[in-house]
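As structure tokens, the structure follows; a few thoughts come after it.
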Amino acid sequence: MASSRRRWIAWAAWAVIAIVAFGGMLAIQGRGGERITDAQMTAVATVGYQPPPATSAGRPQGGAHVHLPHAPTPLWAPRAHAAPEALDTQITWYSLQVPPLPNRGQQLYLYIPRWKSDGVLAIYADGKLIRQSHANLQWNGSNQPLWIALPRTATSHPPTTLDIRLQHVRGIGGAFSSVWIGDYRQLAPRYSVRDIFQVRLPAFSTVAFLATGVFALFVWFSRRAERIYLLYFLTSVVCFLRMLHTFVGTEPLIVSDAWFGWLTVNSTFWMILALHLFVAELHRVRQPRLTGVILVIGGGWSIATLPNLLDPTMIAAPIYVNMLVLGLGATFNGIRQSLRAGSHFALLLSTWCLVTVVAGVYDLALQQNMVDIESVYLTNFTGVGFTLLFWYIMLSRYIEALATATEAKADLAQRLVQREAELTASHARLREIENRELLHQERQRLMQDMHDGLGSTLVTALRAFENDRATNLDAVDILRGCIDDLKLTIDSMEPVETDLLLLLATLRFRLQPRLEAAGVKLLWSVGEAPPLEWLDQRHALHILRILQEAFANILKHAGAREIAVAVRVEGDQVVVRVQDDGRGFDPARSSGGRGLANQRRRAEAIGGVIRWEPSGQGSILALILPVQKPQRAIAIRT
Amino acid sequence: MSSHAASSTPLKVALVEDDTAFQEAFRTALAGAPDLAMIGVAATAAEARVMLSAPPADVLVVDLGLPDGSGIEIIGEATTRWPGCAIMVATTFADERHVIASIEAGASGYLLKDSPLPTIAQDIRVLHGGGSPISPRIARQVLMRFRPDERPAEGGETEGKSAPSLSDREKETLQLITRGFSFDEIAELMGVSRNTVLTFVRRIYAKLEVRSKTEAVFEARAYGLV
């Protein structure tokens, strides 16, 4: 529904444009103005170029009556001479009778739609020179219609005769269109329409194309892999070079006729090459052979027509024929490949190339004066079409890239969300595993502890009570021991946060009542201790048990009066010393093996060492702990 | 400080405890101390509330795990009903969570349930005399609660009284406790009397209680309850 409506609007727009154009044409036709189509023509053979005289008095009288526009049939390849001063030239005179015009004192103008001098133009009104081309000899803006304000001082007004002098290469040029005379209101619309469509539109279009080409070049600078941008730029450059001759030349050119002719004629080959490569880039089928053929032919002509070799201006016609054939071949190939590759853009361009080739045939006919010379060169308009087509292609690519970028962004965001969810899930899973592992370790630790400590003490007591040896046992002492065990277990469940001294303080807090009950004095000399990064709950319990065992041994066996606990930092170790003044014992000979073995095992499990140091009286137990994380403790689980 | 031990009027002691074995032990401990008189026992929170409407005791010992409620609530109610009464929480392990919660509710000490009977009586006397026991872990916990960076100073300032903070001496005392030094050793290390150290601890407990109540108001205001 929406598309059919859009189509309707498009058709309506075209209809409006057609009506406006038709109406405009009618309006222009209705403006009036005199069109002079009768002339007397004479021709004089000359050599080289002479400046036009100030008056037309010296022109040969008589001559043939011709009808304007008049175009002699040109030679396909006139005899060329290297030096302009030695060139075979010819002066063609056209003498026009101006029909009597009412002299209302208004400014009069001459409007000449086309002049094909291929040489120098001079216009005389009532015998006096009023206008001459003063740019290059051959490339002198002859595509541009003439608009001449008739001077009122030097001539009669309105003039009665007009003389036109064309000095041109013998065999080509010398063609002239009809001449319009009238006031501004009558002639300006005719001139303006022709000027706009024949000169300005192609000029604007090709300059705009070149501007976007430069833009594409800068795109290519940052995206070297995408050759299409470079080809776009090159195409725009050769199109610009080719179109130059349609809108420059009224002023002297900065290059000679020879070089300008070389550029203008050969740029058609370069255009074919650039278009061929661009289309190939679109349909993505490389054709090295065809490219080679274009290069050889185009390159051959480009070299052969370099200045001082063949004169391209003279032999433009055969070159254009050759170019048309080559262009047609490349075009058909392009259409075939586009269809095969299904490339919409390549097909569009190739089709337009075909249109251009057909238009080129017409333009060649116009150039050779085979059609009305007052008509226009069609390839100028197909050039505008190329500009629009290229813009369309680039715009589509740009829109497509934008869409892709938007899509990619959305895709990326979606993937990011997805990845984030995955990460969160995996993190949660990991934490769960970690928690389970921690719980498991903690359970293992407590079970081991119960098994070694409380459990075994209770079982021993139970057996003793069962065997009626209860009288030999201090039941209260056993139970207090069990409760102390339990308290230390509970203490070990709270984090100590790397604080060894807090751990030792806790131990003292728990054991103090028993020591007091036993009448043992405790000397507490703990200084500073660095934080032990590895000191977690598991390690804490080991340390508590080792020292608890040490105290228990002293109380049970040593008969000590005093126990000194000292903490010192020695190098990269922290040493906890428990010294008593009791009977002392030799660990090597001691039979109470299980307690000592347990102490050793626990010390080893936390990466520490336990040592009995010599002492004058009593014994010294030293628990040596590393400040840094012990390596072995990781492997050994309790 | 133990002037009460010799005084003619014995200290009135009340117990809130559902475990009859401990009740029995407690009775026995007090029976052996002529300066301590048992004036009431409650086995449930409900009974305890009834007891709190009676004339106050000098020392109230509360067990936390009551069949019909938490001993913490009873401690909180006792501080308002019996303002002059010294409250202690009966605990087996003196674990810092329970003890600190009790102190914040208004208790000023704890009683270890497994202590020998004479020690129980002695602990009651000491508490009434102004001495509060403190374990290294409790000391550590209190230090952490009062860490200045833990809470912005805004709390309670609108009321004109900010949450109390610890003095340097009090902090030093706590730090020495976390390193395992006894009250006597701390007194010597700091060059003060043992009594002063005990006063520090009692003051610290009081500040903990005030701080906890200010915090409760502060939090209630933050949640829009007050």
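The chains in the structure tokens are called A, B, ... from first to last as shown; in each chain the residues are counted from 1, and the ligands are counted from 1 in the order shown.
Within 7 Å of chain B, and using only C-alpha atoms, the residues found on chain A are Lys487, Leu501, Leu502, Leu504, Ala505, Thr506, Arg508, Phe509 and Trp524 of chain A.
Contact shell of Asp18 in chain B at 12 Å (only C-alpha atoms; same-chain neighbours under 6 positions omitted): Glu24, Val41, Ala42, Ala43, Thr44, Ala45, Ala46, Glu47, Ala48, Val61, Val62, Asp63, Leu64, Gly65, Leu66, Pro67, Asp68, Gly69, Ser70, Gly71 and Ala90 of chain B.
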- Which polymer residues have any atom within 8 Å of an atom of Arg31 in chain A, counting only C-alpha atoms, with same-chain residues fewer than 5 positions away left out, as a list in words? Arg185, Gln186 and Leu187 of chain A
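For the atom pair formed by CA of Ala475 in chain A and CA of Ala518 in chain A, the distance is 15.9 Å, given to one decimal.
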- Message: If you run DSSP on the backbone here, which positions in range 14-193 of chain B get helix (DSSP H, G or I)? Please write them as a PyMOL selection string.
- Response: chain B and resi 20-31+45-52+71-81+96-105+117-128+136-145+148-150+157-159+168-178+183-190
- To one decimal in Å, tell me the separation between CA of Ile297 in chain A and CA of Leu309 in chain A. 16.4 Å
- Task: Excluding Ile554 in chain A and residues on its chain fewer than 4 positions from it, collect all residues at most 9 Å away from it, counting only C-alpha atoms, and give them as number ranges by chain.
- Result: A: 549-550, 558-560, 563, 580, 582, 584
- Distance query Thr489 in chain A at most 8 Å, only C-alpha atoms, self and fewer than 2 positions along chain excluded, as a list of chain:residue names: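 Once the nearby chain positions are removed, what remains is A:Leu446, A:Asp449, A:Asp485, A:Leu486, A:Lys487, A:Asp491, A:Ser492, A:Met493, A:Leu541.
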Export, as a compact mmCIF listing (two decimals), in the first residue's frame, the selected residues with C-alpha atoms.
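As written to disk, result-v7.txt reads:
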# COMPACT_ATOMS: atom_id res chain seq x y z
CA LEU A 446 36.25 -30.42 63.53
CA ASP A 449 39.72 -32.51 66.31
CA ASP A 485 39.13 -28.86 74.76
CA LEU A 486 35.67 -27.85 73.71
CA LYS A 487 36.31 -24.20 74.50
CA ASP A 491 37.60 -20.41 70.03
CA SER A 492 39.14 -21.76 66.88
CA MET A 493 35.86 -21.25 65.02
CA LEU A 541 43.39 -24.79 66.14
- Message: For a test of reading the model, state the distance in Å between CA of Met190 in chain B and CA of Phe146 in chain B, rounded to one decimal.
- Response: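 Answer for the CA of Met190 in chain B to CA of Phe146 in chain B separation: 21.1 Å.
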- Task: Kindly indicate which residue among B:Met51, B:Leu111, B:Arg97, B:Ala78 lies nearest to Phe26 in chain B, using only C-alpha atoms for the distances.
- Result: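 Smallest distance to Phe26 in chain B is found for B:Leu111.
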- Using only C-alpha atoms, which of B:Cys85, B:Val126, B:Leu15, B:Leu117 sits nearest Ala37 in chain B?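 Of the candidates, the smallest distance to Ala37 in chain B is held by B:Leu15.
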- Query: Which neighbours of Ala105 in chain B fall inside 10 Å, counting only C-alpha atoms, when residues of the same chain fewer than 6 positions from it are skipped, and could you give them as JSON, numbers by chain?
  - Reply: {"B": [71, 72, 73, 74, 75, 76, 77, 78, 79, 87, 99, 208, 209, 210, 212, 213]}
